[in-house]
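S.K.: One structure coming up, written as structure tokens, with questions to follow.
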Amino acid sequence: MSSRYVRALALGLDPAWRRLDSMQRRSTADSFLTALAPGDGVVTETYSLIGLKPGIDLLVWQLAGSVDALEEESARLLRSGLGRWMTVRESFTGLISDSQYVVGPTTQEQSLFEGDRARYLIVYPFTKTTEWYLTSREVRQGSMNEHMRVGHTYPQVRQLLAYSFGLDDQDFVVAYETDELPAFSALVRDLRATESRRSTLRDTPILLGIHRPAAEIVELLGASGADDG
């Protein structure tokens, strides 16, 4: 199977953009939307974080066959119109690969770029302790079996796990997709009580995004808002 990379690019808008006149806002927004149209071989989904995470307004969630393609997409986006008013607040990159703990992935795993999108995406960096990696394979498999059993009791929540070893600061990029945030919150609560929780070193920041077309997000940001005064 050819390599597939995922990247969560969290962008924050300079508030000064909202004080531009309506023609400038419209022009820069349209240029940004044109640049956001994905290039060949890149799948792009957009999520609004407006008011949900300080300093972050937009999450660009992408799948590509190379990090080169992700870099080129980022450069095109950040130099275009509204992109020049954006700051990269977070960026997580990972490689999709077969899990050493899962023999046969179900449709609940590794499916966040297939089928219809759910309303919400939750994505965060995840790093395990050194002790985890020095523990025997049998003990780790037992912990993961318990972890997966809990996850499978929430079929309305889908997951993607991407490997970041040597590619980014974290060990993994973890993403969940669901239409039911109460179910996801309950899942996380239940997972806190499993043995594998002892091995968690870092699992923040957590980014919660609402799936919206990019054109809708720029309107929420104020692309067509009336001028003040």
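Chain lettering (A, B, ...) mirrors the order of the structure tokens, residue numbering begins at 1 for each chain separately, and ligand numbering begins at 1 in order of display.
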Using only C-alpha atoms, which residues sit within 6 Å of segment 205-209 of chain A once same-chain residues fewer than 4 positions away are excluded, as a PyMOL selection string?
M.R.: chain A and resi 47-49+120-124
S.K.: Taking N, CA, C and O atoms for each residue, export the selection above as an mmCIF file, in the first residue's frame.
M.R.:
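To be explicit, this is the file written out as again-v7.cif:
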data_model
loop_
_atom_site.group_PDB
_atom_site.id
_atom_site.type_symbol
_atom_site.label_atom_id
_atom_site.label_comp_id
_atom_site.auth_asym_id
_atom_site.auth_seq_id
_atom_site.Cartn_x
_atom_site.Cartn_y
_atom_site.Cartn_z
ATOM 1 N N TYR A 47 -13.025 22.519 9.130
ATOM 2 C CA TYR A 47 -13.790 22.522 10.384
ATOM 3 C C TYR A 47 -13.656 23.888 11.051
ATOM 4 O O TYR A 47 -12.569 24.464 11.085
ATOM 5 N N SER A 48 -14.757 24.361 11.581
ATOM 6 C CA SER A 48 -14.754 25.628 12.316
ATOM 7 C C SER A 48 -14.462 25.391 13.788
ATOM 8 O O SER A 48 -15.042 24.497 14.415
ATOM 9 N N LEU A 49 -13.556 26.210 14.330
ATOM 10 C CA LEU A 49 -13.292 26.223 15.771
ATOM 11 C C LEU A 49 -13.571 27.608 16.340
ATOM 12 O O LEU A 49 -13.064 27.970 17.405
ATOM 13 N N TYR A 120 -18.781 16.375 13.866
ATOM 14 C CA TYR A 120 -17.682 16.847 14.710
ATOM 15 C C TYR A 120 -16.419 16.019 14.492
ATOM 16 O O TYR A 120 -16.467 14.799 14.308
ATOM 17 N N LEU A 121 -15.275 16.700 14.543
ATOM 18 C CA LEU A 121 -13.964 16.054 14.510
ATOM 19 C C LEU A 121 -13.212 16.484 15.755
ATOM 20 O O LEU A 121 -13.152 17.684 16.071
ATOM 21 N N ILE A 122 -12.647 15.529 16.455
ATOM 22 C CA ILE A 122 -11.794 15.816 17.609
ATOM 23 C C ILE A 122 -10.412 15.250 17.293
ATOM 24 O O ILE A 122 -10.269 14.068 16.975
ATOM 25 N N VAL A 123 -9.388 16.079 17.335
ATOM 26 C CA VAL A 123 -8.045 15.642 16.975
ATOM 27 C C VAL A 123 -7.045 16.176 17.990
ATOM 28 O O VAL A 123 -7.181 17.305 18.485
ATOM 29 N N TYR A 124 -6.037 15.343 18.307
ATOM 30 C CA TYR A 124 -5.035 15.784 19.265
ATOM 31 C C TYR A 124 -3.753 14.962 19.108
ATOM 32 O O TYR A 124 -3.766 13.852 18.568
#
S.K.: So which residues of segment 106-218 of chain A fall under strand (DSSP E) by DSSP, listed as a PDB file with all heavy atoms, in the first residue's frame?
M.R.:
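The resulting states-v4.pdb:
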ATOM      1  N   TYR A 120     -18.781  16.375  13.866  1.00  0.00           N
ATOM      2  CA  TYR A 120     -17.682  16.847  14.710  1.00  0.00           C
ATOM      3  C   TYR A 120     -16.419  16.019  14.492  1.00  0.00           C
ATOM      4  O   TYR A 120     -16.467  14.799  14.308  1.00  0.00           O
ATOM      5  CB  TYR A 120     -18.066  16.761  16.186  1.00  0.00           C
ATOM      6  CG  TYR A 120     -19.342  17.503  16.508  1.00  0.00           C
ATOM      7  CD1 TYR A 120     -20.526  16.799  16.749  1.00  0.00           C
ATOM      8  CD2 TYR A 120     -19.371  18.888  16.556  1.00  0.00           C
ATOM      9  CE1 TYR A 120     -21.707  17.469  17.029  1.00  0.00           C
ATOM     10  CE2 TYR A 120     -20.551  19.564  16.842  1.00  0.00           C
ATOM     11  CZ  TYR A 120     -21.715  18.850  17.070  1.00  0.00           C
ATOM     12  OH  TYR A 120     -22.883  19.523  17.337  1.00  0.00           O
ATOM     13  N   LEU A 121     -15.275  16.700  14.543  1.00  0.00           N
ATOM     14  CA  LEU A 121     -13.964  16.054  14.510  1.00  0.00           C
ATOM     15  C   LEU A 121     -13.212  16.484  15.755  1.00  0.00           C
ATOM     16  O   LEU A 121     -13.152  17.684  16.071  1.00  0.00           O
ATOM     17  CB  LEU A 121     -13.182  16.469  13.265  1.00  0.00           C
ATOM     18  CG  LEU A 121     -11.777  15.862  13.136  1.00  0.00           C
ATOM     19  CD1 LEU A 121     -11.873  14.398  12.694  1.00  0.00           C
ATOM     20  CD2 LEU A 121     -10.932  16.650  12.136  1.00  0.00           C
ATOM     21  N   ILE A 122     -12.647  15.529  16.455  1.00  0.00           N
ATOM     22  CA  ILE A 122     -11.794  15.816  17.609  1.00  0.00           C
ATOM     23  C   ILE A 122     -10.412  15.250  17.293  1.00  0.00           C
ATOM     24  O   ILE A 122     -10.269  14.068  16.975  1.00  0.00           O
ATOM     25  CB  ILE A 122     -12.335  15.166  18.898  1.00  0.00           C
ATOM     26  CG1 ILE A 122     -13.761  15.656  19.193  1.00  0.00           C
ATOM     27  CG2 ILE A 122     -11.415  15.480  20.074  1.00  0.00           C
ATOM     28  CD1 ILE A 122     -14.850  14.744  18.712  1.00  0.00           C
ATOM     29  N   VAL A 123      -9.388  16.079  17.335  1.00  0.00           N
ATOM     30  CA  VAL A 123      -8.045  15.642  16.975  1.00  0.00           C
ATOM     31  C   VAL A 123      -7.045  16.176  17.990  1.00  0.00           C
ATOM     32  O   VAL A 123      -7.181  17.305  18.485  1.00  0.00           O
ATOM     33  CB  VAL A 123      -7.680  16.079  15.533  1.00  0.00           C
ATOM     34  CG1 VAL A 123      -7.727  17.588  15.372  1.00  0.00           C
ATOM     35  CG2 VAL A 123      -6.327  15.532  15.111  1.00  0.00           C
ATOM     36  N   TYR A 124      -6.037  15.343  18.307  1.00  0.00           N
ATOM     37  CA  TYR A 124      -5.035  15.784  19.265  1.00  0.00           C
ATOM     38  C   TYR A 124      -3.753  14.962  19.108  1.00  0.00           C
ATOM     39  O   TYR A 124      -3.766  13.852  18.568  1.00  0.00           O
ATOM     40  CB  TYR A 124      -5.556  15.669  20.706  1.00  0.00           C
ATOM     41  CG  TYR A 124      -6.061  14.312  21.119  1.00  0.00           C
ATOM     42  CD1 TYR A 124      -5.214  13.356  21.676  1.00  0.00           C
ATOM     43  CD2 TYR A 124      -7.410  13.978  20.985  1.00  0.00           C
ATOM     44  CE1 TYR A 124      -5.675  12.104  22.080  1.00  0.00           C
ATOM     45  CE2 TYR A 124      -7.889  12.742  21.378  1.00  0.00           C
ATOM     46  CZ  TYR A 124      -7.024  11.811  21.921  1.00  0.00           C
ATOM     47  OH  TYR A 124      -7.488  10.581  22.310  1.00  0.00           O
ATOM     48  N   PRO A 125      -2.632  15.510  19.595  1.00  0.00           N
ATOM     49  CA  PRO A 125      -1.372  14.747  19.596  1.00  0.00           C
ATOM     50  C   PRO A 125      -1.355  13.810  20.784  1.00  0.00           C
ATOM     51  O   PRO A 125      -1.913  14.128  21.843  1.00  0.00           O
ATOM     52  CB  PRO A 125      -0.311  15.848  19.735  1.00  0.00           C
ATOM     53  CG  PRO A 125      -1.000  16.912  20.549  1.00  0.00           C
ATOM     54  CD  PRO A 125      -2.454  16.879  20.133  1.00  0.00           C
ATOM     55  N   PHE A 126      -0.715  12.661  20.630  1.00  0.00           N
ATOM     56  CA  PHE A 126      -0.706  11.671  21.721  1.00  0.00           C
ATOM     57  C   PHE A 126       0.686  11.070  21.844  1.00  0.00           C
ATOM     58  O   PHE A 126       1.279  10.630  20.843  1.00  0.00           O
ATOM     59  CB  PHE A 126      -1.726  10.567  21.425  1.00  0.00           C
ATOM     60  CG  PHE A 126      -1.888   9.582  22.543  1.00  0.00           C
ATOM     61  CD1 PHE A 126      -2.688   9.873  23.632  1.00  0.00           C
ATOM     62  CD2 PHE A 126      -1.246   8.351  22.511  1.00  0.00           C
ATOM     63  CE1 PHE A 126      -2.854   8.964  24.673  1.00  0.00           C
ATOM     64  CE2 PHE A 126      -1.398   7.435  23.537  1.00  0.00           C
ATOM     65  CZ  PHE A 126      -2.204   7.745  24.623  1.00  0.00           C
ATOM     66  N   THR A 127       1.201  11.059  23.062  1.00  0.00           N
ATOM     67  CA  THR A 127       2.520  10.481  23.330  1.00  0.00           C
ATOM     68  C   THR A 127       2.447   9.569  24.546  1.00  0.00           C
ATOM     69  O   THR A 127       1.843   9.920  25.559  1.00  0.00           O
ATOM     70  CB  THR A 127       3.558  11.591  23.572  1.00  0.00           C
ATOM     71  OG1 THR A 127       3.690  12.381  22.381  1.00  0.00           O
ATOM     72  CG2 THR A 127       4.917  10.993  23.922  1.00  0.00           C
ATOM     73  N   LYS A 128       3.053   8.388  24.426  1.00  0.00           N
ATOM     74  CA  LYS A 128       3.092   7.430  25.516  1.00  0.00           C
ATOM     75  C   LYS A 128       4.415   7.551  26.288  1.00  0.00           C
ATOM     76  O   LYS A 128       5.388   8.125  25.798  1.00  0.00           O
ATOM     77  CB  LYS A 128       2.918   6.003  24.978  1.00  0.00           C
ATOM     78  CG  LYS A 128       1.502   5.686  24.512  1.00  0.00           C
ATOM     79  CD  LYS A 128       1.387   4.250  24.036  1.00  0.00           C
ATOM     80  CE  LYS A 128      -0.046   3.859  23.729  1.00  0.00           C
ATOM     81  NZ  LYS A 128      -0.895   3.786  24.933  1.00  0.00           N
ATOM     82  N   VAL A 157     -18.856   6.416  17.275  1.00  0.00           N
ATOM     83  CA  VAL A 157     -17.610   7.183  17.266  1.00  0.00           C
ATOM     84  C   VAL A 157     -16.587   6.443  16.404  1.00  0.00           C
ATOM     85  O   VAL A 157     -16.284   5.280  16.662  1.00  0.00           O
ATOM     86  CB  VAL A 157     -17.055   7.375  18.688  1.00  0.00           C
ATOM     87  CG1 VAL A 157     -15.752   8.163  18.647  1.00  0.00           C
ATOM     88  CG2 VAL A 157     -18.082   8.074  19.571  1.00  0.00           C
ATOM     89  N   ARG A 158     -16.070   7.114  15.383  1.00  0.00           N
ATOM     90  CA  ARG A 158     -15.046   6.509  14.523  1.00  0.00           C
ATOM     91  C   ARG A 158     -13.682   7.110  14.847  1.00  0.00           C
ATOM     92  O   ARG A 158     -13.573   8.260  15.263  1.00  0.00           O
ATOM     93  CB  ARG A 158     -15.385   6.731  13.046  1.00  0.00           C
ATOM     94  CG  ARG A 158     -16.716   6.118  12.639  1.00  0.00           C
ATOM     95  CD  ARG A 158     -16.831   6.004  11.139  1.00  0.00           C
ATOM     96  NE  ARG A 158     -16.799   7.306  10.471  1.00  0.00           N
ATOM     97  CZ  ARG A 158     -16.802   7.450   9.147  1.00  0.00           C
ATOM     98  NH1 ARG A 158     -16.794   6.391   8.357  1.00  0.00           N
ATOM     99  NH2 ARG A 158     -16.795   8.650   8.608  1.00  0.00           N
ATOM    100  N   GLN A 159     -12.623   6.330  14.621  1.00  0.00           N
ATOM    101  CA  GLN A 159     -11.283   6.755  15.015  1.00  0.00           C
ATOM    102  C   GLN A 159     -10.292   6.591  13.875  1.00  0.00           C
ATOM    103  O   GLN A 159     -10.410   5.684  13.047  1.00  0.00           O
ATOM    104  CB  GLN A 159     -10.792   5.937  16.212  1.00  0.00           C
ATOM    105  CG  GLN A 159      -9.379   6.322  16.672  1.00  0.00           C
ATOM    106  CD  GLN A 159      -8.819   5.360  17.701  1.00  0.00           C
ATOM    107  OE1 GLN A 159      -9.066   4.162  17.639  1.00  0.00           O
ATOM    108  NE2 GLN A 159      -8.060   5.885  18.648  1.00  0.00           N
ATOM    109  N   LEU A 160      -9.316   7.477  13.867  1.00  0.00           N
ATOM    110  CA  LEU A 160      -8.153   7.319  13.005  1.00  0.00           C
ATOM    111  C   LEU A 160      -6.908   7.531  13.851  1.00  0.00           C
ATOM    112  O   LEU A 160      -6.838   8.478  14.638  1.00  0.00           O
ATOM    113  CB  LEU A 160      -8.172   8.316  11.838  1.00  0.00           C
ATOM    114  CG  LEU A 160      -6.998   8.218  10.852  1.00  0.00           C
ATOM    115  CD1 LEU A 160      -7.460   8.517   9.432  1.00  0.00           C
ATOM    116  CD2 LEU A 160      -5.864   9.162  11.232  1.00  0.00           C
ATOM    117  N   LEU A 161      -5.940   6.637  13.698  1.00  0.00           N
ATOM    118  CA  LEU A 161      -4.667   6.745  14.404  1.00  0.00           C
ATOM    119  C   LEU A 161      -3.552   6.811  13.369  1.00  0.00           C
ATOM    120  O   LEU A 161      -3.426   5.923  12.527  1.00  0.00           O
ATOM    121  CB  LEU A 161      -4.461   5.539  15.321  1.00  0.00           C
ATOM    122  CG  LEU A 161      -3.161   5.517  16.131  1.00  0.00           C
ATOM    123  CD1 LEU A 161      -3.212   6.567  17.237  1.00  0.00           C
ATOM    124  CD2 LEU A 161      -2.920   4.140  16.730  1.00  0.00           C
ATOM    125  N   ALA A 162      -2.757   7.865  13.427  1.00  0.00           N
ATOM    126  CA  ALA A 162      -1.628   8.017  12.516  1.00  0.00           C
ATOM    127  C   ALA A 162      -0.332   8.078  13.318  1.00  0.00           C
ATOM    128  O   ALA A 162      -0.295   8.635  14.428  1.00  0.00           O
ATOM    129  CB  ALA A 162      -1.784   9.281  11.672  1.00  0.00           C
ATOM    130  N   TYR A 163       0.716   7.509  12.773  1.00  0.00           N
ATOM    131  CA  TYR A 163       1.994   7.401  13.472  1.00  0.00           C
ATOM    132  C   TYR A 163       2.887   8.607  13.158  1.00  0.00           C
ATOM    133  O   TYR A 163       3.097   8.945  11.994  1.00  0.00           O
ATOM    134  CB  TYR A 163       2.696   6.110  13.068  1.00  0.00           C
ATOM    135  CG  TYR A 163       1.966   4.869  13.540  1.00  0.00           C
ATOM    136  CD1 TYR A 163       0.890   4.351  12.821  1.00  0.00           C
ATOM    137  CD2 TYR A 163       2.345   4.228  14.720  1.00  0.00           C
ATOM    138  CE1 TYR A 163       0.212   3.225  13.266  1.00  0.00           C
ATOM    139  CE2 TYR A 163       1.670   3.104  15.171  1.00  0.00           C
ATOM    140  CZ  TYR A 163       0.605   2.606  14.434  1.00  0.00           C
ATOM    141  OH  TYR A 163      -0.069   1.505  14.882  1.00  0.00           O
ATOM    142  N   PHE A 172       1.759   9.926  18.098  1.00  0.00           N
ATOM    143  CA  PHE A 172       0.622   9.664  17.224  1.00  0.00           C
ATOM    144  C   PHE A 172      -0.196  10.937  17.013  1.00  0.00           C
ATOM    145  O   PHE A 172      -0.170  11.853  17.837  1.00  0.00           O
ATOM    146  CB  PHE A 172      -0.336   8.626  17.838  1.00  0.00           C
ATOM    147  CG  PHE A 172       0.318   7.369  18.328  1.00  0.00           C
ATOM    148  CD1 PHE A 172       0.719   7.237  19.652  1.00  0.00           C
ATOM    149  CD2 PHE A 172       0.527   6.294  17.474  1.00  0.00           C
ATOM    150  CE1 PHE A 172       1.314   6.076  20.118  1.00  0.00           C
ATOM    151  CE2 PHE A 172       1.125   5.127  17.922  1.00  0.00           C
ATOM    152  CZ  PHE A 172       1.527   5.020  19.252  1.00  0.00           C
ATOM    153  N   VAL A 173      -0.949  10.964  15.921  1.00  0.00           N
ATOM    154  CA  VAL A 173      -2.069  11.890  15.760  1.00  0.00           C
ATOM    155  C   VAL A 173      -3.326  11.046  15.930  1.00  0.00           C
ATOM    156  O   VAL A 173      -3.522  10.062  15.206  1.00  0.00           O
ATOM    157  CB  VAL A 173      -2.077  12.573  14.378  1.00  0.00           C
ATOM    158  CG1 VAL A 173      -3.308  13.472  14.249  1.00  0.00           C
ATOM    159  CG2 VAL A 173      -0.800  13.368  14.163  1.00  0.00           C
ATOM    160  N   VAL A 174      -4.161  11.415  16.898  1.00  0.00           N
ATOM    161  CA  VAL A 174      -5.395  10.681  17.164  1.00  0.00           C
ATOM    162  C   VAL A 174      -6.572  11.564  16.757  1.00  0.00           C
ATOM    163  O   VAL A 174      -6.629  12.743  17.124  1.00  0.00           O
ATOM    164  CB  VAL A 174      -5.520  10.305  18.652  1.00  0.00           C
ATOM    165  CG1 VAL A 174      -6.797   9.503  18.898  1.00  0.00           C
ATOM    166  CG2 VAL A 174      -4.296   9.521  19.104  1.00  0.00           C
ATOM    167  N   ALA A 175      -7.497  10.993  16.011  1.00  0.00           N
ATOM    168  CA  ALA A 175      -8.675  11.751  15.588  1.00  0.00           C
ATOM    169  C   ALA A 175      -9.916  10.895  15.751  1.00  0.00           C
ATOM    170  O   ALA A 175      -9.898   9.690  15.499  1.00  0.00           O
ATOM    171  CB  ALA A 175      -8.534  12.196  14.130  1.00  0.00           C
ATOM    172  N   TYR A 176     -10.984  11.533  16.179  1.00  0.00           N
ATOM    173  CA  TYR A 176     -12.279  10.882  16.324  1.00  0.00           C
ATOM    174  C   TYR A 176     -13.319  11.694  15.558  1.00  0.00           C
ATOM    175  O   TYR A 176     -13.240  12.927  15.506  1.00  0.00           O
ATOM    176  CB  TYR A 176     -12.706  10.798  17.786  1.00  0.00           C
ATOM    177  CG  TYR A 176     -11.876   9.886  18.644  1.00  0.00           C
ATOM    178  CD1 TYR A 176     -10.759  10.363  19.321  1.00  0.00           C
ATOM    179  CD2 TYR A 176     -12.213   8.536  18.795  1.00  0.00           C
ATOM    180  CE1 TYR A 176      -9.999   9.530  20.121  1.00  0.00           C
ATOM    181  CE2 TYR A 176     -11.453   7.694  19.594  1.00  0.00           C
ATOM    182  CZ  TYR A 176     -10.348   8.199  20.255  1.00  0.00           C
ATOM    183  OH  TYR A 176      -9.587   7.366  21.053  1.00  0.00           O
ATOM    184  N   GLU A 177     -14.299  11.003  15.023  1.00  0.00           N
ATOM    185  CA  GLU A 177     -15.370  11.648  14.274  1.00  0.00           C
ATOM    186  C   GLU A 177     -16.706  11.120  14.786  1.00  0.00           C
ATOM    187  O   GLU A 177     -16.875   9.905  14.964  1.00  0.00           O
ATOM    188  CB  GLU A 177     -15.220  11.331  12.788  1.00  0.00           C
ATOM    189  CG  GLU A 177     -16.195  12.074  11.898  1.00  0.00           C
ATOM    190  CD  GLU A 177     -16.008  11.696  10.431  1.00  0.00           C
ATOM    191  OE1 GLU A 177     -16.047  10.490  10.128  1.00  0.00           O
ATOM    192  OE2 GLU A 177     -15.834  12.599   9.613  1.00  0.00           O
ATOM    193  N   THR A 178     -17.638  12.028  15.037  1.00  0.00           N
ATOM    194  CA  THR A 178     -18.936  11.603  15.570  1.00  0.00           C
ATOM    195  C   THR A 178     -19.980  12.680  15.345  1.00  0.00           C
ATOM    196  O   THR A 178     -19.652  13.863  15.178  1.00  0.00           O
ATOM    197  CB  THR A 178     -18.829  11.293  17.082  1.00  0.00           C
ATOM    198  OG1 THR A 178     -20.053  10.734  17.545  1.00  0.00           O
ATOM    199  CG2 THR A 178     -18.507  12.542  17.885  1.00  0.00           C
ATOM    200  N   THR A 200      -0.132   7.101  29.390  1.00  0.00           N
ATOM    201  CA  THR A 200      -0.297   8.360  28.663  1.00  0.00           C
ATOM    202  C   THR A 200       0.629   9.430  29.220  1.00  0.00           C
ATOM    203  O   THR A 200       0.599   9.733  30.416  1.00  0.00           O
ATOM    204  CB  THR A 200      -1.758   8.850  28.741  1.00  0.00           C
ATOM    205  OG1 THR A 200      -2.610   7.873  28.149  1.00  0.00           O
ATOM    206  CG2 THR A 200      -1.924  10.169  28.010  1.00  0.00           C
ATOM    207  N   LEU A 201       1.441  10.002  28.360  1.00  0.00           N
ATOM    208  CA  LEU A 201       2.317  11.100  28.757  1.00  0.00           C
ATOM    209  C   LEU A 201       1.714  12.445  28.360  1.00  0.00           C
ATOM    210  O   LEU A 201       1.743  13.405  29.117  1.00  0.00           O
ATOM    211  CB  LEU A 201       3.697  10.938  28.110  1.00  0.00           C
ATOM    212  CG  LEU A 201       4.734  12.009  28.449  1.00  0.00           C
ATOM    213  CD1 LEU A 201       5.064  11.972  29.948  1.00  0.00           C
ATOM    214  CD2 LEU A 201       6.003  11.797  27.626  1.00  0.00           C
ATOM    215  N   ARG A 202       1.133  12.493  27.139  1.00  0.00           N
ATOM    216  CA  ARG A 202       0.567  13.761  26.652  1.00  0.00           C
ATOM    217  C   ARG A 202      -0.584  13.454  25.707  1.00  0.00           C
ATOM    218  O   ARG A 202      -0.458  12.613  24.815  1.00  0.00           O
ATOM    219  CB  ARG A 202       1.635  14.588  25.927  1.00  0.00           C
ATOM    220  CG  ARG A 202       1.109  15.900  25.326  1.00  0.00           C
ATOM    221  CD  ARG A 202       2.073  16.477  24.319  1.00  0.00           C
ATOM    222  NE  ARG A 202       1.536  17.682  23.693  1.00  0.00           N
ATOM    223  CZ  ARG A 202       1.887  18.125  22.490  1.00  0.00           C
ATOM    224  NH1 ARG A 202       2.773  17.451  21.774  1.00  0.00           N
ATOM    225  NH2 ARG A 202       1.352  19.219  21.992  1.00  0.00           N
ATOM    226  N   LEU A 207      -8.440  19.516  19.961  1.00  0.00           N
ATOM    227  CA  LEU A 207      -9.100  20.434  19.042  1.00  0.00           C
ATOM    228  C   LEU A 207     -10.445  19.846  18.630  1.00  0.00           C
ATOM    229  O   LEU A 207     -10.504  18.770  18.039  1.00  0.00           O
ATOM    230  CB  LEU A 207      -8.233  20.676  17.806  1.00  0.00           C
ATOM    231  CG  LEU A 207      -6.801  21.172  18.073  1.00  0.00           C
ATOM    232  CD1 LEU A 207      -6.082  21.402  16.757  1.00  0.00           C
ATOM    233  CD2 LEU A 207      -6.805  22.433  18.918  1.00  0.00           C
ATOM    234  N   LEU A 208     -11.521  20.543  18.939  1.00  0.00           N
ATOM    235  CA  LEU A 208     -12.872  20.138  18.577  1.00  0.00           C
ATOM    236  C   LEU A 208     -13.366  21.039  17.458  1.00  0.00           C
ATOM    237  O   LEU A 208     -13.506  22.252  17.648  1.00  0.00           O
ATOM    238  CB  LEU A 208     -13.795  20.240  19.796  1.00  0.00           C
ATOM    239  CG  LEU A 208     -15.303  20.210  19.524  1.00  0.00           C
ATOM    240  CD1 LEU A 208     -15.718  18.882  18.896  1.00  0.00           C
ATOM    241  CD2 LEU A 208     -16.073  20.467  20.819  1.00  0.00           C
ATOM    242  N   GLY A 209     -13.620  20.457  16.292  1.00  0.00           N
ATOM    243  CA  GLY A 209     -14.070  21.235  15.146  1.00  0.00           C
ATOM    244  C   GLY A 209     -15.438  20.811  14.669  1.00  0.00           C
ATOM    245  O   GLY A 209     -15.836  19.651  14.787  1.00  0.00           O
ATOM    246  N   ILE A 210     -16.177  21.777  14.118  1.00  0.00           N
ATOM    247  CA  ILE A 210     -17.489  21.532  13.523  1.00  0.00           C
ATOM    248  C   ILE A 210     -17.320  21.494  12.012  1.00  0.00           C
ATOM    249  O   ILE A 210     -16.808  22.450  11.412  1.00  0.00           O
ATOM    250  CB  ILE A 210     -18.483  22.626  13.914  1.00  0.00           C
ATOM    251  CG1 ILE A 210     -18.618  22.710  15.441  1.00  0.00           C
ATOM    252  CG2 ILE A 210     -19.849  22.383  13.267  1.00  0.00           C
ATOM    253  CD1 ILE A 210     -19.443  23.897  15.920  1.00  0.00           C
ATOM    254  N   HIS A 211     -17.737  20.403  11.392  1.00  0.00           N
ATOM    255  CA  HIS A 211     -17.552  20.249   9.952  1.00  0.00           C
ATOM    256  C   HIS A 211     -18.446  21.227   9.202  1.00  0.00           C
ATOM    257  O   HIS A 211     -19.670  21.212   9.330  1.00  0.00           O
ATOM    258  CB  HIS A 211     -17.878  18.818   9.531  1.00  0.00           C
ATOM    259  CG  HIS A 211     -17.572  18.540   8.095  1.00  0.00           C
ATOM    260  ND1 HIS A 211     -18.534  18.276   7.156  1.00  0.00           N
ATOM    261  CD2 HIS A 211     -16.381  18.514   7.432  1.00  0.00           C
ATOM    262  CE1 HIS A 211     -17.967  18.074   5.978  1.00  0.00           C
ATOM    263  NE2 HIS A 211     -16.670  18.225   6.130  1.00  0.00           N
TER     264      HIS A 211
END
S.K.: Can you pull out every residue within 7 Å of Asp179 of chain A, counting only C-alpha atoms, but drop anything in the same chain fewer than 2 positions away, and send it as a ChimeraX atom specification?
M.R.: /A:118-120,181
S.K.: Which one is closest to Val42 of chain A: A:Ser22, A:Thr153, A:Ser74, A:Thr129? Count only C-alpha atoms.
M.R.: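 Nearest to Val42 of chain A: A:Ser74.
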S.K.: Rank nothing, just name the residue among A:Ala64, A:Val218, A:Ala75, A:Val150 nearest to Ala35 of chain A, using only C-alpha atoms.
M.R.: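 Smallest separation from Ala35 of chain A among the options: A:Ala75.
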S.K.: If you count only C-alpha atoms, which residues fall within 8 Å of Ser143 of chain A, apart from same-chain ones fewer than 3 positions away, as a PyMOL selection string?
M.R.: chain A and resi 139-140+146-147+194-196
S.K.: Please produce an output containing N, CA, C and O atoms for each residue in the selection, written as a PDB file, in the first residue's frame.
M.R.:
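Heads up, here's the output in again.pdb:
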ATOM      1  N   VAL A 139       2.055  -7.680  27.564  1.00  0.00           N
ATOM      2  CA  VAL A 139       1.392  -6.751  28.476  1.00  0.00           C
ATOM      3  C   VAL A 139       0.762  -5.600  27.699  1.00  0.00           C
ATOM      4  O   VAL A 139      -0.382  -5.196  27.969  1.00  0.00           O
ATOM      5  N   ARG A 140       1.480  -5.081  26.727  1.00  0.00           N
ATOM      6  CA  ARG A 140       0.936  -3.983  25.916  1.00  0.00           C
ATOM      7  C   ARG A 140      -0.290  -4.437  25.129  1.00  0.00           C
ATOM      8  O   ARG A 140      -1.277  -3.706  25.021  1.00  0.00           O
ATOM      9  N   GLU A 146      -8.105  -4.275  26.041  1.00  0.00           N
ATOM     10  CA  GLU A 146      -9.103  -3.654  26.907  1.00  0.00           C
ATOM     11  C   GLU A 146      -9.536  -2.306  26.341  1.00  0.00           C
ATOM     12  O   GLU A 146     -10.730  -1.972  26.308  1.00  0.00           O
ATOM     13  N   HIS A 147      -8.579  -1.539  25.877  1.00  0.00           N
ATOM     14  CA  HIS A 147      -8.848  -0.227  25.292  1.00  0.00           C
ATOM     15  C   HIS A 147      -9.794  -0.361  24.097  1.00  0.00           C
ATOM     16  O   HIS A 147     -10.773   0.398  23.967  1.00  0.00           O
ATOM     17  N   THR A 194      -9.204   2.691  32.046  1.00  0.00           N
ATOM     18  CA  THR A 194      -8.550   1.476  31.562  1.00  0.00           C
ATOM     19  C   THR A 194      -7.062   1.499  31.923  1.00  0.00           C
ATOM     20  O   THR A 194      -6.477   2.556  32.190  1.00  0.00           O
ATOM     21  N   GLU A 195      -6.451   0.329  31.888  1.00  0.00           N
ATOM     22  CA  GLU A 195      -5.050   0.191  32.263  1.00  0.00           C
ATOM     23  C   GLU A 195      -4.130   1.012  31.366  1.00  0.00           C
ATOM     24  O   GLU A 195      -3.100   1.535  31.826  1.00  0.00           O
ATOM     25  N   SER A 196      -4.481   1.158  30.112  1.00  0.00           N
ATOM     26  CA  SER A 196      -3.607   1.874  29.175  1.00  0.00           C
ATOM     27  C   SER A 196      -3.448   3.347  29.530  1.00  0.00           C
ATOM     28  O   SER A 196      -2.495   4.002  29.094  1.00  0.00           O
TER      29      SER A 196
END
S.K.: How many Å lie between atom CA of Tyr154 of chain A and atom CA of Ile96 of chain A, rounded to one decimal?
M.R.: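 So the answer is 22.4 Å.
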S.K.: At a cut-off of 12 Å, using only C-alpha atoms, what residues contact Ala16 of chain A? Leave out same-chain residues fewer than 4 positions from it and give the result as a ChimeraX atom specification.
M.R.: /A:12,20-21,24-25,82,84-86,221-222
S.K.: For atom CA of Ser224 of chain A and atom CA of Ala29 of chain A, determine how far apart the two atoms are, in Å to one decimal place.
M.R.: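 Atom CA of Ala29 of chain A lies 9.1 Å from atom CA of Ser224 of chain A.
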S.K.: Select from chain A everything DSSP, run on the backbone, classes as helix (DSSP H, G or I), then give the selection as a PyMOL selection string.
M.R.: chain A and resi 15-19+22-36+67-78+81-85+130-134+137-152+181-192+195-199+214-221
